[in-house]
Amino acid sequence: MRATPAIAAVLLTASLALAGCSADTDSGSADKAANSAARPREGAPGAAAQADGTPREQQKQQQATARSATYVIRTAELTVQVTDTEKALATARTTAVGAGGLVQNESTERDSTNHVTSTIVLRVPQESYDEVLDELAGTGRLVARSSDAKDVTDQVVDVDSRVSSQRASVARVRELMDRATKLSDVVELEGQLSSRQADLESLLSQQASLKNRTSMATISLNLSQKHAVAAKEKAEDDPGFLDALGGGWDAFTGTLRWIGVVIGAVAPFAVALAVLYLLWRLVRGRLPRRTAPVPAAQPREAAEQE
């Protein structure tokens, strides 16, 4: 009977020991869970694992996904001769807007020879790029066509990564400002925050520019109406009966005009010569006339001998 209390004491001690170990284990698990729950909150502003807004493994996975996509900047330039520039411009505007794009720039010039040239710059979605090019080339006679595709995938991925890192850096500085207690620390952190915020805005601007250029293609369309004007001038140059009659009349009146010019130029000299001639006649009429000489008489002796 004495062994029973001893056994009971041993069992009670063992039960207490097991209960203590279980409590320690549960408390340790609870602490780990709390730490794991608190770690993302602490890392959100500035932990290294949150540098890109995701843990390191997820960050690598996102970068790999971004690199699998292709980002291309597409540009093209067309030169087309048309018979009606205004109509061709209206067609280009309608085509761009219908494809979900817009008209970025437009200009029209007419030189001294009545040569009309127009340039219109269009922005269209990448998926409609080829279709819009074909429609614009069909507005007239295609003179020249050039296109360019620049792969900027690495640049896009790099800028996106730098934007994420810079955002995390700004958030880290803000968290330190919230925890700072000294005025000197606050002043220093404000300077760093201003500098990092400026860098972030510059990166965001680059990111927006790349997104716009890779999502929208740029097409420059040059329109020329020179051949239509040349055809009109050629038609006007073909002579007809009325053209010949008009030309003959112009030549006749031109000849009369030149004769009048010559007469007008000679008239002063003719008048001067006529006046001189009249004066000469007048002066000559007043001059004394010369008498004929009388023959001398023959000697008497000669007459008597005869």
# chains A, B, ... in the order shown; residues from 1 in each chain; ligands from 1

call {"tool": "residues_around", "arguments": {"residues": "Pro125 (chain A)", "least_positions_apart": "6", "cutoff": "12 Å", "atoms": "only C-alpha atoms", "output": "mmCIF file with N, CA, C and O atoms, in the first residue's frame"}}
result
data_model
loop_
_atom_site.group_PDB
_atom_site.id
_atom_site.type_symbol
_atom_site.label_atom_id
_atom_site.label_comp_id
_atom_site.auth_asym_id
_atom_site.auth_seq_id
_atom_site.Cartn_x
_atom_site.Cartn_y
_atom_site.Cartn_z
ATOM 1 N N VAL A 72 8.711 46.976 -77.498
ATOM 2 C CA VAL A 72 9.303 47.478 -78.738
ATOM 3 C C VAL A 72 8.741 48.871 -79.032
ATOM 4 O O VAL A 72 7.536 49.108 -78.879
ATOM 5 N N ILE A 73 9.624 49.772 -79.454
ATOM 6 C CA ILE A 73 9.219 51.101 -79.907
ATOM 7 C C ILE A 73 9.202 51.079 -81.433
ATOM 8 O O ILE A 73 10.234 50.872 -82.072
ATOM 9 N N ARG A 74 8.035 51.299 -82.022
ATOM 10 C CA ARG A 74 7.874 51.229 -83.473
ATOM 11 C C ARG A 74 7.638 52.629 -84.042
ATOM 12 O O ARG A 74 6.818 53.386 -83.525
ATOM 13 N N THR A 75 8.376 52.944 -85.106
ATOM 14 C CA THR A 75 8.202 54.212 -85.822
ATOM 15 C C THR A 75 8.213 53.917 -87.320
ATOM 16 O O THR A 75 8.854 52.962 -87.772
ATOM 17 N N THR A 95 -8.576 57.275 -90.140
ATOM 18 C CA THR A 95 -7.941 55.965 -89.929
ATOM 19 C C THR A 95 -7.296 55.879 -88.550
ATOM 20 O O THR A 95 -7.437 54.862 -87.848
ATOM 21 N N ALA A 96 -6.587 56.930 -88.146
ATOM 22 C CA ALA A 96 -5.907 56.912 -86.849
ATOM 23 C C ALA A 96 -6.900 56.873 -85.693
ATOM 24 O O ALA A 96 -6.765 56.079 -84.754
ATOM 25 N N VAL A 97 -7.916 57.720 -85.756
ATOM 26 C CA VAL A 97 -8.903 57.767 -84.674
ATOM 27 C C VAL A 97 -9.699 56.472 -84.621
ATOM 28 O O VAL A 97 -10.014 55.955 -83.539
ATOM 29 N N GLY A 98 -10.035 55.916 -85.785
ATOM 30 C CA GLY A 98 -10.773 54.664 -85.813
ATOM 31 C C GLY A 98 -10.002 53.504 -85.219
ATOM 32 O O GLY A 98 -10.594 52.554 -84.687
ATOM 33 N N ALA A 99 -8.682 53.548 -85.282
ATOM 34 C CA ALA A 99 -7.845 52.490 -84.705
ATOM 35 C C ALA A 99 -7.559 52.715 -83.227
ATOM 36 O O ALA A 99 -6.816 51.935 -82.615
ATOM 37 N N GLY A 100 -8.108 53.785 -82.653
ATOM 38 C CA GLY A 100 -7.850 54.070 -81.245
ATOM 39 C C GLY A 100 -6.658 54.968 -81.008
ATOM 40 O O GLY A 100 -6.173 55.067 -79.885
ATOM 41 N N GLY A 101 -6.185 55.652 -82.072
ATOM 42 C CA GLY A 101 -5.029 56.527 -81.933
ATOM 43 C C GLY A 101 -5.425 57.988 -81.932
ATOM 44 O O GLY A 101 -6.582 58.353 -81.664
ATOM 45 N N LEU A 102 -4.482 58.842 -82.291
ATOM 46 C CA LEU A 102 -4.715 60.279 -82.285
ATOM 47 C C LEU A 102 -3.754 60.963 -83.251
ATOM 48 O O LEU A 102 -2.769 60.375 -83.706
ATOM 49 N N GLU A 131 -1.874 47.500 -89.918
ATOM 50 C CA GLU A 131 -3.108 47.789 -90.647
ATOM 51 C C GLU A 131 -3.196 49.268 -91.029
ATOM 52 O O GLU A 131 -3.568 49.612 -92.159
ATOM 53 N N VAL A 132 -2.846 50.147 -90.099
ATOM 54 C CA VAL A 132 -2.896 51.577 -90.378
ATOM 55 C C VAL A 132 -1.869 51.949 -91.453
ATOM 56 O O VAL A 132 -2.152 52.775 -92.343
ATOM 57 N N LEU A 133 -0.695 51.357 -91.412
ATOM 58 C CA LEU A 133 0.325 51.627 -92.426
ATOM 59 C C LEU A 133 -0.185 51.284 -93.828
ATOM 60 O O LEU A 133 0.000 52.049 -94.776
ATOM 61 N N LYS A 211 6.345 53.498 -71.328
ATOM 62 C CA LYS A 211 5.051 52.839 -71.481
ATOM 63 C C LYS A 211 4.280 53.430 -72.658
ATOM 64 O O LYS A 211 3.660 52.701 -73.441
ATOM 65 N N ASN A 212 4.332 54.751 -72.782
ATOM 66 C CA ASN A 212 3.626 55.407 -73.887
ATOM 67 C C ASN A 212 4.245 55.046 -75.237
ATOM 68 O O ASN A 212 3.541 54.766 -76.212
ATOM 69 N N ARG A 213 5.564 55.048 -75.302
ATOM 70 C CA ARG A 213 6.237 54.781 -76.572
ATOM 71 C C ARG A 213 6.152 53.322 -76.988
ATOM 72 O O ARG A 213 6.207 53.012 -78.183
ATOM 73 N N THR A 214 6.038 52.407 -76.024
ATOM 74 C CA THR A 214 5.940 50.992 -76.364
ATOM 75 C C THR A 214 4.501 50.544 -76.591
ATOM 76 O O THR A 214 4.273 49.502 -77.207
ATOM 77 N N SER A 215 3.548 51.304 -76.126
ATOM 78 C CA SER A 215 2.144 50.945 -76.347
ATOM 79 C C SER A 215 1.561 51.625 -77.579
ATOM 80 O O SER A 215 0.613 51.119 -78.179
ATOM 81 N N MET A 216 2.138 52.771 -77.991
ATOM 82 C CA MET A 216 1.646 53.515 -79.150
ATOM 83 C C MET A 216 2.777 53.690 -80.161
ATOM 84 O O MET A 216 3.865 54.143 -79.812
ATOM 85 N N ALA A 217 2.511 53.316 -81.405
ATOM 86 C CA ALA A 217 3.492 53.495 -82.484
ATOM 87 C C ALA A 217 3.331 54.888 -83.106
ATOM 88 O O ALA A 217 2.255 55.475 -83.079
ATOM 89 N N THR A 218 4.429 55.402 -83.655
ATOM 90 C CA THR A 218 4.436 56.732 -84.272
ATOM 91 C C THR A 218 4.606 56.590 -85.778
ATOM 92 O O THR A 218 5.539 55.939 -86.252
ATOM 93 N N ILE A 219 3.691 57.232 -86.534
ATOM 94 C CA ILE A 219 3.718 57.183 -87.998
ATOM 95 C C ILE A 219 3.727 58.615 -88.525
ATOM 96 O O ILE A 219 2.832 59.405 -88.201
#

call {"tool": "select_by_dssp", "arguments": {"residues": "region 54-170 of chain A", "states": "strand (DSSP E)", "output": "ChimeraX atom specification"}}
result
/A:72-81,102-110,116-125,141-151

call {"tool": "write_last_selection", "arguments": {"atoms": "N, CA, C and O atoms", "output": "short mmCIF file (atom, residue, chain, number, x, y, z; two decimals), in the first residue's frame"}}
result
data_model
loop_
_atom_site.label_atom_id
_atom_site.label_comp_id
_atom_site.auth_asym_id
_atom_site.auth_seq_id
_atom_site.Cartn_x
_atom_site.Cartn_y
_atom_site.Cartn_z
N VAL A 72 8.71 46.98 -77.50
CA VAL A 72 9.30 47.48 -78.74
C VAL A 72 8.74 48.87 -79.03
O VAL A 72 7.54 49.11 -78.88
N ILE A 73 9.62 49.77 -79.45
CA ILE A 73 9.22 51.10 -79.91
C ILE A 73 9.20 51.08 -81.43
O ILE A 73 10.23 50.87 -82.07
N ARG A 74 8.04 51.30 -82.02
CA ARG A 74 7.87 51.23 -83.47
C ARG A 74 7.64 52.63 -84.04
O ARG A 74 6.82 53.39 -83.53
N THR A 75 8.38 52.94 -85.11
CA THR A 75 8.20 54.21 -85.82
C THR A 75 8.21 53.92 -87.32
O THR A 75 8.85 52.96 -87.77
N ALA A 76 7.51 54.75 -88.09
CA ALA A 76 7.45 54.58 -89.53
C ALA A 76 7.27 55.95 -90.19
O ALA A 76 6.75 56.89 -89.58
N GLU A 77 7.73 56.06 -91.44
CA GLU A 77 7.58 57.29 -92.23
C GLU A 77 7.17 56.92 -93.64
O GLU A 77 7.79 56.08 -94.28
N LEU A 78 6.11 57.56 -94.12
CA LEU A 78 5.58 57.31 -95.46
C LEU A 78 5.59 58.62 -96.26
O LEU A 78 5.31 59.69 -95.71
N THR A 79 5.91 58.52 -97.55
CA THR A 79 5.80 59.63 -98.48
C THR A 79 4.88 59.20 -99.61
O THR A 79 5.18 58.23 -100.32
N VAL A 80 3.77 59.91 -99.76
CA VAL A 80 2.73 59.51 -100.72
C VAL A 80 2.36 60.73 -101.56
O VAL A 80 2.20 61.84 -101.03
N GLN A 81 2.23 60.52 -102.88
CA GLN A 81 1.74 61.55 -103.78
C GLN A 81 0.25 61.35 -104.00
O GLN A 81 -0.19 60.24 -104.33
N LEU A 102 -4.48 58.84 -82.29
CA LEU A 102 -4.72 60.28 -82.28
C LEU A 102 -3.75 60.96 -83.25
O LEU A 102 -2.77 60.38 -83.71
N VAL A 103 -4.07 62.23 -83.57
CA VAL A 103 -3.21 63.06 -84.41
C VAL A 103 -2.32 63.89 -83.49
O VAL A 103 -2.80 64.72 -82.73
N GLN A 104 -1.01 63.67 -83.57
CA GLN A 104 -0.08 64.38 -82.70
C GLN A 104 0.34 65.73 -83.27
O GLN A 104 0.48 66.71 -82.53
N ASN A 105 0.52 65.79 -84.59
CA ASN A 105 0.99 67.04 -85.20
C ASN A 105 0.57 67.05 -86.66
O ASN A 105 0.44 66.00 -87.30
N GLU A 106 0.36 68.27 -87.20
CA GLU A 106 -0.06 68.40 -88.59
C GLU A 106 0.37 69.77 -89.12
O GLU A 106 0.25 70.77 -88.43
N SER A 107 0.87 69.79 -90.37
CA SER A 107 1.29 71.05 -91.00
C SER A 107 1.13 70.93 -92.50
O SER A 107 1.30 69.86 -93.08
N THR A 108 0.78 72.08 -93.16
CA THR A 108 0.59 72.14 -94.61
C THR A 108 1.27 73.39 -95.14
O THR A 108 1.15 74.47 -94.55
N GLU A 109 1.97 73.26 -96.28
CA GLU A 109 2.68 74.38 -96.89
C GLU A 109 2.41 74.41 -98.39
O GLU A 109 2.23 73.38 -99.02
N ARG A 110 2.39 75.63 -98.95
CA ARG A 110 2.23 75.82 -100.39
C ARG A 110 3.30 76.81 -100.85
O ARG A 110 3.35 77.95 -100.38
N VAL A 116 1.96 71.86 -103.15
CA VAL A 116 1.37 71.68 -101.83
C VAL A 116 1.99 70.46 -101.16
O VAL A 116 2.05 69.37 -101.75
N THR A 117 2.47 70.63 -99.93
CA THR A 117 3.00 69.52 -99.14
C THR A 117 2.38 69.56 -97.75
O THR A 117 2.20 70.64 -97.18
N SER A 118 2.04 68.39 -97.23
CA SER A 118 1.45 68.28 -95.90
C SER A 118 2.15 67.16 -95.15
O SER A 118 2.53 66.14 -95.74
N THR A 119 2.33 67.37 -93.85
CA THR A 119 2.93 66.36 -92.97
C THR A 119 2.04 66.19 -91.76
O THR A 119 1.67 67.16 -91.10
N ILE A 120 1.69 64.95 -91.46
CA ILE A 120 0.84 64.64 -90.32
C ILE A 120 1.48 63.50 -89.53
O ILE A 120 1.94 62.51 -90.11
N VAL A 121 1.57 63.67 -88.21
CA VAL A 121 2.17 62.67 -87.32
C VAL A 121 1.05 62.01 -86.53
O VAL A 121 0.28 62.69 -85.84
N LEU A 122 0.98 60.69 -86.62
CA LEU A 122 -0.09 59.92 -85.99
C LEU A 122 0.47 59.00 -84.92
O LEU A 122 1.59 58.48 -85.06
N ARG A 123 -0.30 58.80 -83.84
CA ARG A 123 0.03 57.82 -82.80
C ARG A 123 -1.08 56.77 -82.79
O ARG A 123 -2.27 57.12 -82.57
N VAL A 124 -0.72 55.53 -83.03
CA VAL A 124 -1.71 54.44 -83.10
C VAL A 124 -1.26 53.30 -82.20
O VAL A 124 -0.06 53.13 -81.95
N PRO A 125 -2.20 52.48 -81.70
CA PRO A 125 -1.82 51.33 -80.87
C PRO A 125 -0.93 50.36 -81.65
O PRO A 125 -1.03 50.25 -82.88
N ARG A 141 -0.12 57.41 -104.51
CA ARG A 141 1.04 56.67 -105.06
C ARG A 141 2.18 56.71 -104.05
O ARG A 141 2.69 57.77 -103.71
N LEU A 142 2.56 55.53 -103.56
CA LEU A 142 3.60 55.42 -102.55
C LEU A 142 4.96 55.74 -103.16
O LEU A 142 5.39 55.10 -104.12
N VAL A 143 5.63 56.74 -102.60
CA VAL A 143 6.95 57.15 -103.09
C VAL A 143 8.06 56.55 -102.25
O VAL A 143 9.06 56.05 -102.77
N ALA A 144 7.90 56.58 -100.92
CA ALA A 144 8.94 56.06 -100.03
C ALA A 144 8.27 55.55 -98.75
O ALA A 144 7.23 56.07 -98.33
N ARG A 145 8.88 54.53 -98.17
CA ARG A 145 8.36 53.95 -96.93
C ARG A 145 9.53 53.41 -96.11
O ARG A 145 10.37 52.69 -96.63
N SER A 146 9.58 53.78 -94.85
CA SER A 146 10.63 53.28 -93.95
C SER A 146 10.00 53.03 -92.57
O SER A 146 9.09 53.75 -92.15
N SER A 147 10.50 52.00 -91.89
CA SER A 147 10.00 51.67 -90.56
C SER A 147 11.15 51.20 -89.68
O SER A 147 12.18 50.74 -90.19
N ASP A 148 10.96 51.34 -88.38
CA ASP A 148 12.01 50.97 -87.43
C ASP A 148 11.36 50.38 -86.19
O ASP A 148 10.31 50.87 -85.73
N ALA A 149 11.98 49.33 -85.64
CA ALA A 149 11.51 48.68 -84.41
C ALA A 149 12.70 48.55 -83.46
O ALA A 149 13.68 47.89 -83.79
N LYS A 150 12.60 49.19 -82.31
CA LYS A 150 13.69 49.19 -81.33
C LYS A 150 13.24 48.44 -80.08
O LYS A 150 12.26 48.82 -79.43
N ASP A 151 13.97 47.38 -79.74
CA ASP A 151 13.65 46.57 -78.56
C ASP A 151 14.20 47.25 -77.31
O ASP A 151 15.41 47.45 -77.18
#

call {"tool": "closest_residue", "arguments": {"among": "A:Leu210, A:Ala272, A:Leu221, A:Val262", "to": "Val156 (chain A)", "atoms": "only C-alpha atoms"}}
result
A:Leu210

call {"tool": "atom_distance", "arguments": {"atom1": "CA of Gln207 (chain A)", "atom2": "CA of Glu175 (chain A)"}}
result
25.6 Å

call {"tool": "select_by_dssp", "arguments": {"residues": "region 40-222 of chain A", "states": "helix (DSSP H, G or I)", "output": "ChimeraX atom specification"}}
result
/A:40-46,48-50,56-68,85-98,126-137,153-179,183-215

call {"tool": "write_last_selection", "arguments": {"atoms": "C-alpha atoms", "output": "mmCIF file, in the first residue's frame"}}
result
data_model
loop_
_atom_site.group_PDB
_atom_site.id
_atom_site.type_symbol
_atom_site.label_atom_id
_atom_site.label_comp_id
_atom_site.auth_asym_id
_atom_site.auth_seq_id
_atom_site.Cartn_x
_atom_site.Cartn_y
_atom_site.Cartn_z
ATOM 1 C CA PRO A 40 5.897 42.015 -42.993
ATOM 2 C CA ARG A 41 4.630 45.100 -41.205
ATOM 3 C CA GLU A 42 8.130 46.059 -40.208
ATOM 4 C CA GLY A 43 9.460 45.241 -43.675
ATOM 5 C CA ALA A 44 6.747 47.121 -45.515
ATOM 6 C CA PRO A 45 8.442 50.480 -45.067
ATOM 7 C CA GLY A 46 12.013 49.387 -45.541
ATOM 8 C CA ALA A 48 15.299 44.259 -47.595
ATOM 9 C CA ALA A 49 12.784 41.572 -48.519
ATOM 10 C CA GLN A 50 10.278 44.306 -49.355
ATOM 11 C CA ARG A 56 12.924 38.060 -52.824
ATOM 12 C CA GLU A 57 11.674 34.892 -54.503
ATOM 13 C CA GLN A 58 8.537 36.597 -55.767
ATOM 14 C CA GLN A 59 10.642 39.523 -56.955
ATOM 15 C CA LYS A 60 12.812 37.209 -59.046
ATOM 16 C CA GLN A 61 9.707 35.560 -60.450
ATOM 17 C CA GLN A 62 8.226 38.941 -61.444
ATOM 18 C CA GLN A 63 11.461 40.004 -63.138
ATOM 19 C CA ALA A 64 11.552 36.759 -65.095
ATOM 20 C CA THR A 65 7.936 37.315 -66.172
ATOM 21 C CA ALA A 66 8.712 40.892 -67.221
ATOM 22 C CA ARG A 67 11.707 39.755 -69.262
ATOM 23 C CA SER A 68 9.587 37.148 -71.030
ATOM 24 C CA THR A 85 -4.215 66.761 -100.131
ATOM 25 C CA GLU A 86 -7.246 67.737 -98.047
ATOM 26 C CA LYS A 87 -9.008 64.471 -98.805
ATOM 27 C CA ALA A 88 -5.903 62.437 -97.988
ATOM 28 C CA LEU A 89 -5.481 64.275 -94.673
ATOM 29 C CA ALA A 90 -9.102 63.575 -93.737
ATOM 30 C CA THR A 91 -8.581 59.884 -94.551
ATOM 31 C CA ALA A 92 -5.448 59.745 -92.372
ATOM 32 C CA ARG A 93 -7.228 61.368 -89.416
ATOM 33 C CA THR A 94 -10.191 59.019 -89.685
ATOM 34 C CA THR A 95 -7.941 55.965 -89.929
ATOM 35 C CA ALA A 96 -5.907 56.912 -86.849
ATOM 36 C CA VAL A 97 -8.903 57.767 -84.674
ATOM 37 C CA GLY A 98 -10.773 54.664 -85.813
ATOM 38 C CA GLN A 126 0.845 48.721 -81.542
ATOM 39 C CA GLU A 127 -1.705 46.078 -82.488
ATOM 40 C CA SER A 128 -3.107 48.323 -85.255
ATOM 41 C CA TYR A 129 0.291 49.469 -86.543
ATOM 42 C CA ASP A 130 0.527 47.307 -89.693
ATOM 43 C CA GLU A 131 -3.108 47.789 -90.647
ATOM 44 C CA VAL A 132 -2.896 51.577 -90.378
ATOM 45 C CA LEU A 133 0.325 51.627 -92.426
ATOM 46 C CA ASP A 134 -1.340 49.719 -95.267
ATOM 47 C CA GLU A 135 -4.359 52.045 -95.288
ATOM 48 C CA LEU A 136 -2.200 55.168 -95.338
ATOM 49 C CA ALA A 137 -0.042 53.794 -98.155
ATOM 50 C CA THR A 153 12.731 45.336 -72.976
ATOM 51 C CA ASP A 154 15.879 45.518 -70.828
ATOM 52 C CA GLN A 155 15.416 49.238 -70.317
ATOM 53 C CA VAL A 156 11.774 48.805 -69.267
ATOM 54 C CA VAL A 157 12.638 46.045 -66.795
ATOM 55 C CA ASP A 158 15.511 48.086 -65.365
ATOM 56 C CA VAL A 159 13.393 51.198 -64.886
ATOM 57 C CA ASP A 160 10.555 49.197 -63.287
ATOM 58 C CA SER A 161 12.979 47.593 -60.840
ATOM 59 C CA ARG A 162 14.545 50.950 -59.961
ATOM 60 C CA VAL A 163 11.115 52.468 -59.404
ATOM 61 C CA SER A 164 10.185 49.697 -56.964
ATOM 62 C CA SER A 165 13.484 49.998 -55.116
ATOM 63 C CA GLN A 166 13.209 53.778 -54.930
ATOM 64 C CA ARG A 167 9.674 53.545 -53.555
ATOM 65 C CA ALA A 168 10.889 51.193 -50.861
ATOM 66 C CA SER A 169 13.727 53.578 -50.071
ATOM 67 C CA VAL A 170 11.316 56.507 -49.714
ATOM 68 C CA ALA A 171 9.066 54.424 -47.453
ATOM 69 C CA ARG A 172 12.084 53.452 -45.335
ATOM 70 C CA VAL A 173 13.068 57.072 -44.799
ATOM 71 C CA ARG A 174 9.511 57.981 -43.854
ATOM 72 C CA GLU A 175 9.417 55.211 -41.265
ATOM 73 C CA LEU A 176 12.682 56.435 -39.764
ATOM 74 C CA MET A 177 11.243 59.947 -39.603
ATOM 75 C CA ASP A 178 8.249 58.620 -37.671
ATOM 76 C CA ARG A 179 10.598 56.947 -35.178
ATOM 77 C CA LEU A 183 15.476 67.348 -34.187
ATOM 78 C CA SER A 184 18.831 66.886 -35.946
ATOM 79 C CA ASP A 185 17.800 63.421 -37.088
ATOM 80 C CA VAL A 186 14.505 64.734 -38.417
ATOM 81 C CA VAL A 187 16.240 67.490 -40.389
ATOM 82 C CA GLU A 188 18.710 65.053 -41.923
ATOM 83 C CA LEU A 189 16.001 62.572 -42.807
ATOM 84 C CA GLU A 190 13.904 65.288 -44.439
ATOM 85 C CA GLY A 191 16.827 66.121 -46.743
ATOM 86 C CA GLN A 192 17.240 62.480 -47.701
ATOM 87 C CA LEU A 193 13.502 62.122 -48.242
ATOM 88 C CA SER A 194 13.428 65.133 -50.570
ATOM 89 C CA SER A 195 16.357 63.810 -52.622
ATOM 90 C CA ARG A 196 14.947 60.302 -52.904
ATOM 91 C CA GLN A 197 11.498 61.626 -53.753
ATOM 92 C CA ALA A 198 12.990 63.653 -56.623
ATOM 93 C CA ASP A 199 14.793 60.561 -57.928
ATOM 94 C CA LEU A 200 11.558 58.606 -57.714
ATOM 95 C CA GLU A 201 9.657 61.214 -59.709
ATOM 96 C CA SER A 202 12.351 61.169 -62.405
ATOM 97 C CA LEU A 203 12.126 57.380 -62.638
ATOM 98 C CA LEU A 204 8.335 57.521 -62.789
ATOM 99 C CA SER A 205 8.600 59.985 -65.671
ATOM 100 C CA GLN A 206 10.928 57.620 -67.553
ATOM 101 C CA GLN A 207 8.594 54.736 -66.837
ATOM 102 C CA ALA A 208 5.564 56.632 -68.179
ATOM 103 C CA SER A 209 7.474 57.682 -71.299
ATOM 104 C CA LEU A 210 8.572 54.127 -72.040
ATOM 105 C CA LYS A 211 5.051 52.839 -71.481
ATOM 106 C CA ASN A 212 3.626 55.407 -73.887
ATOM 107 C CA ARG A 213 6.237 54.781 -76.572
ATOM 108 C CA THR A 214 5.940 50.992 -76.364
ATOM 109 C CA SER A 215 2.144 50.945 -76.347
#

call {"tool": "atom_distance", "arguments": {"atom1": "CA of His115 (chain A)", "atom2": "CA of Gly138 (chain A)"}}
result
21.2 Å
